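K.L.:
Have a look at the structure that comes next, please.
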Amino acid sequence: MGFTAYGVFSCSIQTSPLSNTIRRIHHYPLNCVFPLQKVTIFGYGELGFKPLLAVSNVAAEKGSAENQANDKPRYKWVKIGSDITEVQKQAILKLPPKMANRCKALMQQIICYSAEKGSVSLLLEAWVKSMKPERADWLEVLKELDRLNHPLYFEVAEVSLLEESFEANVRDYTKLIHGYAKQNRLREAESMLLAMKTRGFTCDQVVLTALVHMYSKAGNLKMAEDTFEEMRLLGVALDKRSYGSMIMAYVRAGMLGEGEALLREMEEQEIYAGREVYKAILRAYSMIGDSKGAQRVFDTLQLAGIIPDATVCGLLMNAYVVAGQLSEACIAFENLRRAGIEPNDKCIALLLSAYETENNLSKALDVLMNLERDGVVLGREASEILARWFKKLGVVGEVELVLREFMHQT
């Protein structure tokens with residue numbers, strides 16, 4: 001296909017002042033038919049040339065990059081001299097003798113650290129660049145900072161997780177989360193958990209248990225329950241510590257029935273809580289005078305293979321005393337004695353309190369004589385109860401004797 005034109009063919013060349021491009025303009029004859037053709041238009045870029053402005057921009061960008069590199073903040077690594085404080089000097093002298101030199105170099109800088117020299121991240125960056133540490137070096141430094149309970153421990157640990165030479169694994173995150181949890185720093189622990197997930201690490205039983213323990217200790221029952229339920233949904237094995245943390249969360253919330261339910265669930269799987277967990281539930285029942293609940297937990301504790309001590313027996317006795325079941329409190333004391341457990345001051349005080357309420361002085365004196373015969377010495381609380389009782393009865397001489405005997409023993 002073509003078109004018809006009438007005239008004379010001619011050609012001229014023009015240069016555009018705005019675009020710096022060369023244009024070829026064709027003038028066709030008026031009486032000829034020519035096919036349409038695409039005309040290529042060349043600019044300086046297409047011909048291999050660069051405008052001066054472009055060259056200038058490249059040079060400017062290169063110079064700007066060099067300036068930025070020079071302007072990048074760096075840590076001022078100063079050789080530790082005699083101008084340090086006595087405390088710093090002693091801390092450096094107490095560094096482990098077998099610690100690697102590269103680790104000692106970093107520890108010295110941390111011990112003498114001040115914000116004027118640069119940030120902690122810049123310090124560690126300088127150390128990595130000059131000393132080329134391995135994972136073992138990082139761990140040695142973190143272990144020493146943890147031993148010293150150094151305030152920069154967490155900051156160094158967080159930076160280390162991002163360093164390639166540290167070769168971070170899920171346990172490193174777990175340890176840091178657990179450390180934050182122990183200090184009730186919930187926000188930092190949750191941030192670390194998010195960072196762990198973002199970097200592709202999966203939450204396991206250890207991490208989730210640490211979170212349950214943290215929320216339990218902080219009294220955040222909702223988050224403790226949600227995390228515990230997440231463990232169930234993920235099919236994570238629940239162990240003694242996992243259950244124990246959740247039970248303690250229920251105890252702190254006053255939900256003792258739910259805590260006992262978890263104890264029974266554990267028994268069905270032949271998992272048994274630690275002594276402190278049983279004592280916590282028993283103590284909670286004891287304080288509110290729920291003698292039935294206290295007796296249940298007391299029996300469960302023994303089925304778990306835990307031998308009751310005087311403290312545990314005292315909690316059971318207190319539950320009966322608060323509930324007004326004084327005869328049961330006395331029976332619990334007798335069972336304690338038959339089991340060969342030496343009663344502590346609290347147990348004796350509870351027994352005397354029960355006898356005082358019943359106004360049974362003769363029975364109280366019989367028990368006291370038996371205790372004296374067995375070499376059991378009255379403590380402060382029991383002596384004060386007995387002295388108060390004697391005063392109430394108007395037996396002044398006996399009161400003075402009890403107080404004099406108590407002062408002699410202490």
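Identifiers in the structure tokens: chain A, B, ... in order shown; residue index from 1 per chain; ligand index from 1 in order shown.
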List as a ChimeraX atom specification the protein and nucleic acid residues near stretch 208-215 of chain A, meaning an atom at most 9 Å away when only C-alpha atoms are counted, but skip any in the same chain fewer than 4 places from it.
P.N.:
/A:174,177-178,180-186,189-190,203-204,219-228,230-231,238,241-246,248-249
K.L.:
Report as a list in words all protein, DNA and RNA residues lying within 7 Å of stretch 153-169 of chain A, evaluated on only C-alpha atoms, omitting residues in the same chain fewer than 4 positions from it.
P.N.:
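Non-adjacent residues within range: Ser121, Pro133, Glu134, Arg135, Trp138, Leu142, Leu145 and Asp146 of chain A.
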K.L.:
Let me see the file: selected residues, C-alpha atoms, as a PDB file, in the first residue's frame.
P.N.:
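Final file, again-v1.pdb:
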```pdb
ATOM      1  CA  SER A 121      25.980  -2.152  67.580  1.00  0.00           C
ATOM      2  CA  PRO A 133      34.865 -14.023  65.722  1.00  0.00           C
ATOM      3  CA  GLU A 134      33.207 -17.431  65.498  1.00  0.00           C
ATOM      4  CA  ARG A 135      30.087 -18.656  67.292  1.00  0.00           C
ATOM      5  CA  TRP A 138      30.117 -14.911  70.847  1.00  0.00           C
ATOM      6  CA  LEU A 142      27.558 -13.663  76.358  1.00  0.00           C
ATOM      7  CA  LEU A 145      28.145 -10.865  80.519  1.00  0.00           C
ATOM      8  CA  ASP A 146      25.403 -13.065  81.957  1.00  0.00           C
TER       9      ASP A 146
END
```
K.L.:
If you run DSSP on the backbone, which residues of stretch 110-181 of chain A are alpha helix (DSSP H), as a CSV table (one decimal) with all heavy atoms, in the first residue's frame?
P.N.:
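Produced file selection.csv, reproduced below:
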```csv
chain,number,residue,atom,x,y,z
A,110,ILE,N,33.6,-3.3,76.5
A,110,ILE,CA,32.2,-3.3,77.1
A,110,ILE,C,32.3,-2.8,78.5
A,110,ILE,O,31.5,-2.0,79.0
A,110,ILE,CB,31.6,-4.7,77.0
A,110,ILE,CG1,31.3,-5.1,75.6
A,110,ILE,CG2,30.3,-4.7,77.9
A,110,ILE,CD1,30.7,-6.5,75.4
A,111,ILE,N,33.3,-3.3,79.3
A,111,ILE,CA,33.5,-2.9,80.7
A,111,ILE,C,33.7,-1.4,80.8
A,111,ILE,O,33.2,-0.7,81.7
A,111,ILE,CB,34.6,-3.7,81.3
A,111,ILE,CG1,34.2,-5.1,81.5
A,111,ILE,CG2,35.0,-3.0,82.7
A,111,ILE,CD1,35.3,-6.0,82.0
A,120,VAL,N,26.4,0.4,70.8
A,120,VAL,CA,26.9,-0.9,71.1
A,120,VAL,C,26.9,-1.7,69.8
A,120,VAL,O,27.8,-2.5,69.5
A,120,VAL,CB,25.9,-1.7,72.1
A,120,VAL,CG1,26.2,-3.1,72.2
A,120,VAL,CG2,26.0,-1.0,73.4
A,121,SER,N,26.0,-1.5,68.9
A,121,SER,CA,26.0,-2.2,67.6
A,121,SER,C,27.2,-1.8,66.8
A,121,SER,O,27.8,-2.6,66.1
A,121,SER,CB,24.7,-1.8,66.8
A,121,SER,OG,24.6,-0.4,66.6
A,122,LEU,N,27.6,-0.5,66.8
A,122,LEU,CA,28.9,-0.1,66.1
A,122,LEU,C,30.1,-0.7,66.8
A,122,LEU,O,31.1,-1.1,66.1
A,122,LEU,CB,29.0,1.4,66.1
A,122,LEU,CG,28.0,2.2,65.3
A,122,LEU,CD1,28.2,3.7,65.5
A,122,LEU,CD2,28.2,1.8,63.8
A,123,LEU,N,30.1,-0.9,68.1
A,123,LEU,CA,31.2,-1.6,68.8
A,123,LEU,C,31.3,-3.0,68.3
A,123,LEU,O,32.4,-3.5,68.0
A,123,LEU,CB,31.0,-1.5,70.3
A,123,LEU,CG,31.8,-2.5,71.2
A,123,LEU,CD1,33.3,-2.3,71.0
A,123,LEU,CD2,31.3,-2.4,72.6
A,124,LEU,N,30.2,-3.7,68.2
A,124,LEU,CA,30.2,-5.1,67.8
A,124,LEU,C,30.6,-5.2,66.3
A,124,LEU,O,31.3,-6.2,65.9
A,124,LEU,CB,28.9,-5.7,68.1
A,124,LEU,CG,28.5,-5.8,69.6
A,124,LEU,CD1,27.1,-6.3,69.8
A,124,LEU,CD2,29.5,-6.7,70.3
A,125,GLU,N,30.1,-4.3,65.6
A,125,GLU,CA,30.5,-4.2,64.1
A,125,GLU,C,32.0,-4.1,64.0
A,125,GLU,O,32.6,-4.8,63.1
A,125,GLU,CB,29.7,-3.1,63.4
A,125,GLU,CG,30.0,-3.0,61.9
A,125,GLU,CD,29.3,-1.8,61.3
A,125,GLU,OE1,28.2,-1.4,61.8
A,125,GLU,OE2,29.9,-1.3,60.3
A,126,ALA,N,32.6,-3.2,64.7
A,126,ALA,CA,34.0,-3.0,64.7
A,126,ALA,C,34.8,-4.3,65.1
A,126,ALA,O,35.8,-4.7,64.5
A,126,ALA,CB,34.5,-1.8,65.5
A,127,TRP,N,34.2,-4.9,66.1
A,127,TRP,CA,34.9,-6.2,66.7
A,127,TRP,C,34.8,-7.3,65.6
A,127,TRP,O,35.8,-8.0,65.4
A,127,TRP,CB,34.1,-6.6,67.9
A,127,TRP,CG,34.7,-7.8,68.6
A,127,TRP,CD1,36.0,-8.0,69.1
A,127,TRP,CD2,34.0,-9.1,68.8
A,127,TRP,NE1,36.1,-9.3,69.6
A,127,TRP,CE2,34.9,-9.9,69.5
A,127,TRP,CE3,32.7,-9.5,68.6
A,127,TRP,CZ2,34.6,-11.2,69.9
A,127,TRP,CZ3,32.4,-10.8,69.0
A,127,TRP,CH2,33.3,-11.6,69.6
A,128,VAL,N,33.7,-7.4,65.0
A,128,VAL,CA,33.5,-8.5,63.9
A,128,VAL,C,34.4,-8.2,62.8
A,128,VAL,O,35.1,-9.1,62.3
A,128,VAL,CB,32.0,-8.5,63.5
A,128,VAL,CG1,31.9,-9.4,62.2
A,128,VAL,CG2,31.1,-9.0,64.6
A,129,LYS,N,34.5,-7.0,62.4
A,129,LYS,CA,35.4,-6.6,61.2
A,129,LYS,C,36.9,-6.9,61.5
A,129,LYS,O,37.6,-7.3,60.6
A,129,LYS,CB,35.2,-5.1,60.9
A,129,LYS,CG,35.9,-4.7,59.6
A,129,LYS,CD,35.5,-3.3,59.2
A,129,LYS,CE,36.1,-2.9,57.9
A,129,LYS,NZ,35.8,-1.5,57.5
A,130,SER,N,37.3,-6.6,62.7
A,130,SER,CA,38.7,-6.7,63.0
A,130,SER,C,39.1,-8.0,63.6
A,130,SER,O,40.2,-8.5,63.3
A,130,SER,CB,39.1,-5.6,64.0
A,130,SER,OG,38.4,-5.7,65.2
A,131,MET,N,38.3,-8.7,64.4
A,131,MET,CA,38.6,-9.9,65.1
A,131,MET,C,38.1,-11.2,64.4
A,131,MET,O,38.6,-12.3,64.7
A,131,MET,CB,38.1,-9.9,66.5
A,131,MET,CG,38.6,-8.7,67.3
A,131,MET,SD,40.4,-8.8,67.7
A,131,MET,CE,40.6,-7.3,68.7
A,135,ARG,N,31.2,-18.5,66.4
A,135,ARG,CA,30.1,-18.7,67.3
A,135,ARG,C,30.6,-18.9,68.7
A,135,ARG,O,30.0,-18.3,69.7
A,135,ARG,CB,29.2,-19.8,66.9
A,135,ARG,CG,28.1,-20.1,67.8
A,135,ARG,CD,27.1,-21.1,67.3
A,135,ARG,NE,26.1,-21.5,68.3
A,135,ARG,CZ,25.1,-20.9,68.7
A,135,ARG,NH1,24.8,-19.7,68.0
A,135,ARG,NH2,24.2,-21.3,69.6
A,136,ALA,N,31.6,-19.7,68.9
A,136,ALA,CA,32.2,-20.0,70.2
A,136,ALA,C,32.6,-18.7,70.9
A,136,ALA,O,32.4,-18.6,72.1
A,136,ALA,CB,33.3,-21.0,70.1
A,137,ASP,N,33.1,-17.7,70.2
A,137,ASP,CA,33.6,-16.5,70.8
A,137,ASP,C,32.4,-15.7,71.3
A,137,ASP,O,32.4,-15.1,72.4
A,137,ASP,CB,34.4,-15.7,69.7
A,137,ASP,CG,35.6,-16.4,69.3
A,137,ASP,OD1,36.3,-17.0,70.1
A,137,ASP,OD2,35.9,-16.4,68.0
A,138,TRP,N,31.3,-15.6,70.4
A,138,TRP,CA,30.1,-14.9,70.8
A,138,TRP,C,29.6,-15.5,72.1
A,138,TRP,O,29.2,-14.8,73.1
A,138,TRP,CB,29.1,-15.0,69.7
A,138,TRP,CG,29.3,-14.1,68.6
A,138,TRP,CD1,29.8,-14.5,67.3
A,138,TRP,CD2,29.0,-12.7,68.5
A,138,TRP,NE1,29.8,-13.4,66.5
A,138,TRP,CE2,29.3,-12.3,67.2
A,138,TRP,CE3,28.5,-11.8,69.4
A,138,TRP,CZ2,29.2,-11.0,66.8
A,138,TRP,CZ3,28.3,-10.5,69.0
A,138,TRP,CH2,28.7,-10.1,67.7
A,139,LEU,N,29.5,-16.8,72.2
A,139,LEU,CA,28.9,-17.5,73.3
A,139,LEU,C,29.7,-17.3,74.6
A,139,LEU,O,29.2,-17.1,75.7
A,139,LEU,CB,28.8,-19.0,73.0
A,139,LEU,CG,27.8,-19.4,72.0
A,139,LEU,CD1,27.9,-20.9,71.7
A,139,LEU,CD2,26.4,-19.0,72.3
A,140,GLU,N,31.1,-17.2,74.4
A,140,GLU,CA,31.9,-17.0,75.6
A,140,GLU,C,31.7,-15.6,76.1
A,140,GLU,O,31.6,-15.4,77.4
A,140,GLU,CB,33.4,-17.1,75.2
A,140,GLU,CG,34.3,-17.1,76.4
A,140,GLU,CD,35.8,-17.5,76.0
A,140,GLU,OE1,36.0,-17.7,74.8
A,140,GLU,OE2,36.6,-17.7,76.9
A,141,VAL,N,31.5,-14.6,75.2
A,141,VAL,CA,31.3,-13.2,75.7
A,141,VAL,C,29.9,-13.1,76.4
A,141,VAL,O,29.8,-12.5,77.4
A,141,VAL,CB,31.3,-12.3,74.5
A,141,VAL,CG1,30.8,-10.9,74.9
A,141,VAL,CG2,32.8,-12.1,74.0
A,142,LEU,N,28.9,-13.7,75.8
A,142,LEU,CA,27.6,-13.7,76.4
A,142,LEU,C,27.5,-14.4,77.7
A,142,LEU,O,26.8,-13.9,78.6
A,142,LEU,CB,26.5,-14.3,75.4
A,142,LEU,CG,26.2,-13.5,74.1
A,142,LEU,CD1,25.4,-14.3,73.2
A,142,LEU,CD2,25.6,-12.2,74.5
A,143,LYS,N,28.2,-15.5,77.8
A,143,LYS,CA,28.3,-16.2,79.1
A,143,LYS,C,28.9,-15.3,80.2
A,143,LYS,O,28.4,-15.3,81.3
A,143,LYS,CB,29.1,-17.5,78.9
A,143,LYS,CG,29.2,-18.3,80.2
A,143,LYS,CD,30.0,-19.6,79.9
A,143,LYS,CE,30.2,-20.4,81.2
A,143,LYS,NZ,31.0,-21.6,81.0
A,144,GLU,N,29.9,-14.6,79.9
A,144,GLU,CA,30.6,-13.8,80.8
A,144,GLU,C,29.7,-12.6,81.2
A,144,GLU,O,29.6,-12.2,82.4
A,144,GLU,CB,31.9,-13.3,80.3
A,144,GLU,CG,32.8,-12.5,81.3
A,144,GLU,CD,33.2,-13.2,82.5
A,144,GLU,OE1,33.1,-14.5,82.5
A,144,GLU,OE2,33.6,-12.6,83.5
A,145,LEU,N,29.1,-12.0,80.2
A,145,LEU,CA,28.1,-10.9,80.5
A,145,LEU,C,27.0,-11.3,81.4
A,145,LEU,O,26.5,-10.6,82.3
A,145,LEU,CB,27.6,-10.3,79.2
A,145,LEU,CG,28.6,-9.5,78.3
A,145,LEU,CD1,28.0,-9.1,77.0
A,145,LEU,CD2,29.1,-8.3,79.1
A,146,ASP,N,26.5,-12.5,81.1
A,146,ASP,CA,25.4,-13.1,82.0
A,146,ASP,C,25.9,-13.3,83.4
A,146,ASP,O,25.2,-13.0,84.4
A,146,ASP,CB,24.9,-14.4,81.3
A,146,ASP,CG,23.6,-14.9,82.0
A,146,ASP,OD1,22.9,-14.0,82.5
A,146,ASP,OD2,23.4,-16.1,82.0
A,147,ARG,N,27.1,-13.8,83.5
A,147,ARG,CA,27.7,-14.1,84.8
A,147,ARG,C,27.8,-12.8,85.6
A,147,ARG,O,27.5,-12.8,86.8
A,147,ARG,CB,29.0,-14.8,84.7
A,147,ARG,CG,29.6,-15.2,86.0
A,147,ARG,CD,31.0,-15.7,85.8
A,147,ARG,NE,32.0,-14.7,85.5
A,147,ARG,CZ,32.5,-13.9,86.4
A,147,ARG,NH1,32.2,-13.9,87.7
A,147,ARG,NH2,33.4,-13.0,86.0
A,153,TYR,N,24.0,-6.9,78.6
A,153,TYR,CA,23.9,-8.3,78.2
A,153,TYR,C,22.8,-8.4,77.1
A,153,TYR,O,23.1,-9.0,76.0
A,153,TYR,CB,23.6,-9.2,79.3
A,153,TYR,CG,23.1,-10.6,78.9
A,153,TYR,CD1,24.0,-11.5,78.5
A,153,TYR,CD2,21.8,-10.9,79.0
A,153,TYR,CE1,23.6,-12.8,78.1
A,153,TYR,CE2,21.3,-12.2,78.6
A,153,TYR,CZ,22.3,-13.1,78.1
A,153,TYR,OH,21.8,-14.3,77.7
A,154,PHE,N,21.6,-7.9,77.3
A,154,PHE,CA,20.5,-8.1,76.4
A,154,PHE,C,20.8,-7.4,75.1
A,154,PHE,O,20.4,-7.9,74.0
A,154,PHE,CB,19.2,-7.6,77.0
A,154,PHE,CG,18.7,-8.6,78.1
A,154,PHE,CD1,18.8,-8.2,79.4
A,154,PHE,CD2,18.0,-9.7,77.7
A,154,PHE,CE1,18.3,-9.1,80.4
A,154,PHE,CE2,17.5,-10.6,78.7
A,154,PHE,CZ,17.7,-10.3,80.0
A,155,GLU,N,21.4,-6.2,75.1
A,155,GLU,CA,21.6,-5.5,73.9
A,155,GLU,C,22.7,-6.2,73.0
A,155,GLU,O,22.5,-6.3,71.8
A,155,GLU,CB,22.1,-4.1,74.2
A,155,GLU,CG,22.2,-3.1,73.1
A,155,GLU,CD,22.4,-1.7,73.4
A,155,GLU,OE1,22.4,-1.4,74.7
A,155,GLU,OE2,22.6,-0.9,72.5
A,156,VAL,N,23.7,-6.7,73.7
A,156,VAL,CA,24.7,-7.5,72.9
A,156,VAL,C,24.1,-8.8,72.4
A,156,VAL,O,24.4,-9.1,71.2
A,156,VAL,CB,25.9,-7.8,73.9
A,156,VAL,CG1,26.9,-8.8,73.2
A,156,VAL,CG2,26.6,-6.6,74.3
A,157,ALA,N,23.3,-9.4,73.2
A,157,ALA,CA,22.6,-10.7,72.7
A,157,ALA,C,21.7,-10.4,71.5
A,157,ALA,O,21.7,-11.2,70.6
A,157,ALA,CB,21.8,-11.3,73.9
A,158,GLU,N,21.0,-9.3,71.5
A,158,GLU,CA,20.1,-9.0,70.4
A,158,GLU,C,20.9,-8.7,69.1
A,158,GLU,O,20.5,-9.2,68.1
A,158,GLU,CB,19.2,-7.8,70.8
A,158,GLU,CG,18.0,-8.2,71.7
A,158,GLU,CD,16.9,-7.2,71.6
A,158,GLU,OE1,16.7,-6.6,70.6
A,158,GLU,OE2,16.2,-7.0,72.6
A,159,VAL,N,22.0,-8.0,69.3
A,159,VAL,CA,22.8,-7.7,68.1
A,159,VAL,C,23.4,-9.0,67.5
A,159,VAL,O,23.5,-9.2,66.3
A,159,VAL,CB,23.9,-6.6,68.4
A,159,VAL,CG1,24.8,-6.4,67.2
A,159,VAL,CG2,23.2,-5.3,68.8
A,160,SER,N,23.8,-9.8,68.4
A,160,SER,CA,24.5,-11.1,68.0
A,160,SER,C,23.6,-11.9,67.1
A,160,SER,O,24.1,-12.6,66.2
A,160,SER,CB,25.0,-11.8,69.2
A,160,SER,OG,23.9,-12.4,69.9
A,161,LEU,N,22.3,-11.9,67.4
A,161,LEU,CA,21.4,-12.7,66.6
A,161,LEU,C,21.4,-12.4,65.2
A,161,LEU,O,21.0,-13.2,64.3
A,161,LEU,CB,20.0,-12.6,67.2
A,161,LEU,CG,19.7,-13.1,68.6
A,161,LEU,CD1,18.3,-12.8,69.1
A,161,LEU,CD2,19.9,-14.6,68.7
A,162,LEU,N,21.7,-11.1,64.9
A,162,LEU,CA,21.7,-10.7,63.5
A,162,LEU,C,23.0,-10.9,62.8
A,162,LEU,O,23.1,-10.7,61.5
A,162,LEU,CB,21.4,-9.2,63.4
A,162,LEU,CG,20.0,-8.8,64.0
A,162,LEU,CD1,19.9,-7.3,64.1
A,162,LEU,CD2,18.9,-9.4,63.3
A,170,VAL,N,17.3,-21.5,67.1
A,170,VAL,CA,16.0,-21.2,67.9
A,170,VAL,C,16.3,-21.2,69.4
A,170,VAL,O,15.7,-20.4,70.1
A,170,VAL,CB,15.0,-22.3,67.6
A,170,VAL,CG1,15.4,-23.7,68.1
A,170,VAL,CG2,13.6,-21.9,68.1
A,171,ARG,N,17.3,-21.9,69.8
A,171,ARG,CA,17.6,-21.9,71.3
A,171,ARG,C,18.2,-20.6,71.7
A,171,ARG,O,18.0,-20.2,72.9
A,171,ARG,CB,18.6,-23.0,71.6
A,171,ARG,CG,18.0,-24.4,71.6
A,171,ARG,CD,17.0,-24.6,72.8
A,171,ARG,NE,16.0,-25.7,72.5
A,171,ARG,CZ,14.9,-25.5,71.9
A,171,ARG,NH1,14.5,-24.2,71.6
A,171,ARG,NH2,14.1,-26.5,71.7
A,172,ASP,N,18.9,-19.9,70.9
A,172,ASP,CA,19.4,-18.6,71.2
A,172,ASP,C,18.2,-17.6,71.5
A,172,ASP,O,18.3,-16.8,72.4
A,172,ASP,CB,20.3,-18.0,70.1
A,172,ASP,CG,21.5,-18.9,69.9
A,172,ASP,OD1,22.2,-19.4,70.9
A,172,ASP,OD2,21.8,-19.3,68.7
A,173,TYR,N,17.2,-17.7,70.6
A,173,TYR,CA,16.0,-16.8,70.8
A,173,TYR,C,15.3,-17.2,72.1
A,173,TYR,O,14.8,-16.4,72.8
A,173,TYR,CB,15.1,-17.0,69.6
A,173,TYR,CG,15.6,-16.2,68.4
A,173,TYR,CD1,16.4,-16.9,67.4
A,173,TYR,CD2,15.3,-14.9,68.2
A,173,TYR,CE1,16.8,-16.2,66.3
A,173,TYR,CE2,15.7,-14.2,67.0
A,173,TYR,CZ,16.5,-14.9,66.1
A,173,TYR,OH,17.0,-14.2,65.0
A,174,THR,N,15.2,-18.6,72.3
A,174,THR,CA,14.5,-19.0,73.5
A,174,THR,C,15.2,-18.5,74.8
A,174,THR,O,14.5,-18.1,75.7
A,174,THR,CB,14.5,-20.6,73.6
A,174,THR,OG1,14.0,-21.1,72.4
A,174,THR,CG2,13.8,-21.1,74.7
A,175,LYS,N,16.5,-18.6,74.8
A,175,LYS,CA,17.2,-18.1,76.0
A,175,LYS,C,17.0,-16.6,76.3
A,175,LYS,O,16.8,-16.2,77.4
A,175,LYS,CB,18.7,-18.4,75.8
A,175,LYS,CG,19.5,-18.1,77.1
A,175,LYS,CD,21.0,-18.5,76.9
A,175,LYS,CE,21.8,-18.2,78.2
A,175,LYS,NZ,23.2,-18.6,78.0
A,176,LEU,N,16.9,-15.8,75.2
A,176,LEU,CA,16.7,-14.4,75.3
A,176,LEU,C,15.3,-14.1,75.8
A,176,LEU,O,15.0,-13.3,76.6
A,176,LEU,CB,17.0,-13.7,74.0
A,176,LEU,CG,17.3,-12.2,74.1
A,176,LEU,CD1,18.4,-11.9,75.1
A,176,LEU,CD2,17.8,-11.7,72.7
A,177,ILE,N,14.3,-14.8,75.2
A,177,ILE,CA,12.9,-14.6,75.6
A,177,ILE,C,12.7,-15.0,77.0
A,177,ILE,O,12.0,-14.3,77.8
A,177,ILE,CB,12.0,-15.5,74.7
A,177,ILE,CG1,12.0,-15.0,73.2
A,177,ILE,CG2,10.6,-15.6,75.2
A,177,ILE,CD1,11.3,-15.8,72.2
A,178,HIS,N,13.3,-16.1,77.4
A,178,HIS,CA,13.2,-16.6,78.8
A,178,HIS,C,13.9,-15.5,79.8
A,178,HIS,O,13.4,-15.3,80.9
A,178,HIS,CB,13.9,-17.9,79.0
A,178,HIS,CG,13.8,-18.5,80.3
A,178,HIS,ND1,12.5,-18.9,80.9
A,178,HIS,CD2,14.7,-18.8,81.3
A,178,HIS,CE1,12.7,-19.4,82.1
A,178,HIS,NE2,14.0,-19.3,82.4
A,179,GLY,N,15.0,-15.0,79.3
A,179,GLY,CA,15.7,-13.9,80.1
A,179,GLY,C,14.8,-12.7,80.4
A,179,GLY,O,14.7,-12.2,81.5
A,180,TYR,N,14.1,-12.3,79.3
A,180,TYR,CA,13.2,-11.1,79.4
A,180,TYR,C,12.0,-11.5,80.3
A,180,TYR,O,11.6,-10.7,81.1
A,180,TYR,CB,12.7,-10.7,78.0
A,180,TYR,CG,13.7,-9.9,77.2
A,180,TYR,CD1,13.9,-10.2,75.9
A,180,TYR,CD2,14.3,-8.8,77.8
A,180,TYR,CE1,14.8,-9.4,75.1
A,180,TYR,CE2,15.2,-8.0,77.1
A,180,TYR,CZ,15.4,-8.3,75.7
A,180,TYR,OH,16.3,-7.5,75.0
A,181,ALA,N,11.6,-12.8,80.2
A,181,ALA,CA,10.4,-13.2,81.0
A,181,ALA,C,10.7,-13.2,82.4
A,181,ALA,O,9.9,-12.8,83.3
A,181,ALA,CB,10.0,-14.6,80.5
```
K.L.:
Go through A:Val377, A:Leu93, A:Val321, A:Ile80 and flag the residue nearest A:Ala105, using only C-alpha atoms for the distances.
P.N.:
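Checking each of A:Val377, A:Leu93, A:Val321, A:Ile80 against A:Ala105, counting only C-alpha atoms, the winner is A:Ile80.
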K.L.:
Just the number, please: distance in Å from atom CA of A:Tyr285 to atom CA of A:Ala319, one decimal.
P.N.:
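Atom-to-atom, atom CA of A:Tyr285 to atom CA of A:Ala319, that is 6.9 Å.
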K.L.:
Contacts of A:Leu95 at 9 Å or less, counting only C-alpha atoms, minus same-chain residues fewer than 3 places along, as a PyMOL selection string?
P.N.:
chain A and resi 90-92+98-99+104+107+144
K.L.:
Separation of atom CA of A:Glu116 and atom CA of A:Trp77, in Å?
P.N.:
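Atom CA of A:Trp77 lies at a distance of 11.3 Å from atom CA of A:Glu116.
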K.L.:
Between atom CA of A:Leu386 and atom CA of A:Glu372, what is the distance, to one decimal in Å?
P.N.:
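That distance, rounded to one decimal, is 14.5 Å.
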K.L.:
Return the single residue from A:Cys103, A:Leu194, A:Val367, A:Leu350 that is closest to A:Ile385, with distances computed using only C-alpha atoms.
P.N.:
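Among the listed residues, A:Leu350 lies closest to A:Ile385.
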K.L.:
Near A:Ala339, within 12 Å and counting only C-alpha atoms, which residues show up once chain neighbours fewer than 2 positions away are dropped, as a list in words?
P.N.:
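Listed by chain and then number, they are Ile307, Pro308, Asp309, Ala310, Cys313, Ala332, Phe333, Glu334, Asn335, Leu336, Arg337, Ile341, Glu342 and Pro343 of chain A.
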K.L.:
Residues within 12 Å of A:Lys79, please, as a list in words. Count only C-alpha atoms; anything in the same chain fewer than 6 positions from it doesn't count.
P.N.:
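So the residues in contact are Ala105, Leu106, Gln108, Gln109, Cys112 and Tyr113 of chain A.
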K.L.:
Given the selection you just returned, output its residues as a file containing all heavy atoms, formatted as a compact mmCIF listing (two decimals), in the first residue's frame.
P.N.:
```
# COMPACT_ATOMS: atom_id res chain seq x y z
N ALA A 105 39.38 -8.67 74.41
CA ALA A 105 39.41 -7.33 73.82
C ALA A 105 38.02 -6.71 73.81
O ALA A 105 37.85 -5.53 74.14
CB ALA A 105 39.97 -7.41 72.40
N LEU A 106 37.02 -7.51 73.43
CA LEU A 106 35.65 -6.99 73.42
C LEU A 106 35.15 -6.73 74.83
O LEU A 106 34.52 -5.69 75.10
CB LEU A 106 34.72 -7.98 72.72
CG LEU A 106 33.24 -7.58 72.67
CD1 LEU A 106 33.05 -6.24 71.98
CD2 LEU A 106 32.40 -8.67 71.99
N GLN A 108 36.80 -5.92 77.44
CA GLN A 108 37.42 -4.70 77.97
C GLN A 108 36.69 -3.46 77.47
O GLN A 108 36.45 -2.51 78.22
CB GLN A 108 38.89 -4.66 77.58
CG GLN A 108 39.75 -5.67 78.31
CD GLN A 108 41.18 -5.71 77.79
OE1 GLN A 108 41.55 -4.92 76.90
NE2 GLN A 108 42.00 -6.60 78.32
N GLN A 109 36.34 -3.47 76.17
CA GLN A 109 35.61 -2.34 75.61
C GLN A 109 34.22 -2.21 76.23
O GLN A 109 33.74 -1.10 76.49
CB GLN A 109 35.49 -2.50 74.09
CG GLN A 109 36.80 -2.43 73.33
CD GLN A 109 37.44 -1.05 73.40
OE1 GLN A 109 36.75 -0.05 73.36
NE2 GLN A 109 38.76 -1.02 73.50
N CYS A 112 34.48 -0.85 79.81
CA CYS A 112 34.82 0.58 79.80
C CYS A 112 33.94 1.37 78.83
O CYS A 112 34.30 2.47 78.41
CB CYS A 112 36.29 0.77 79.44
SG CYS A 112 37.43 -0.08 80.54
N TYR A 113 32.80 0.82 78.47
CA TYR A 113 31.95 1.43 77.44
C TYR A 113 31.33 2.75 77.93
O TYR A 113 30.94 2.89 79.08
CB TYR A 113 30.83 0.46 77.06
CG TYR A 113 29.81 1.06 76.13
CD1 TYR A 113 30.07 1.19 74.76
CD2 TYR A 113 28.58 1.52 76.61
CE1 TYR A 113 29.15 1.74 73.91
CE2 TYR A 113 27.64 2.07 75.76
CZ TYR A 113 27.93 2.18 74.41
OH TYR A 113 27.01 2.73 73.56
```
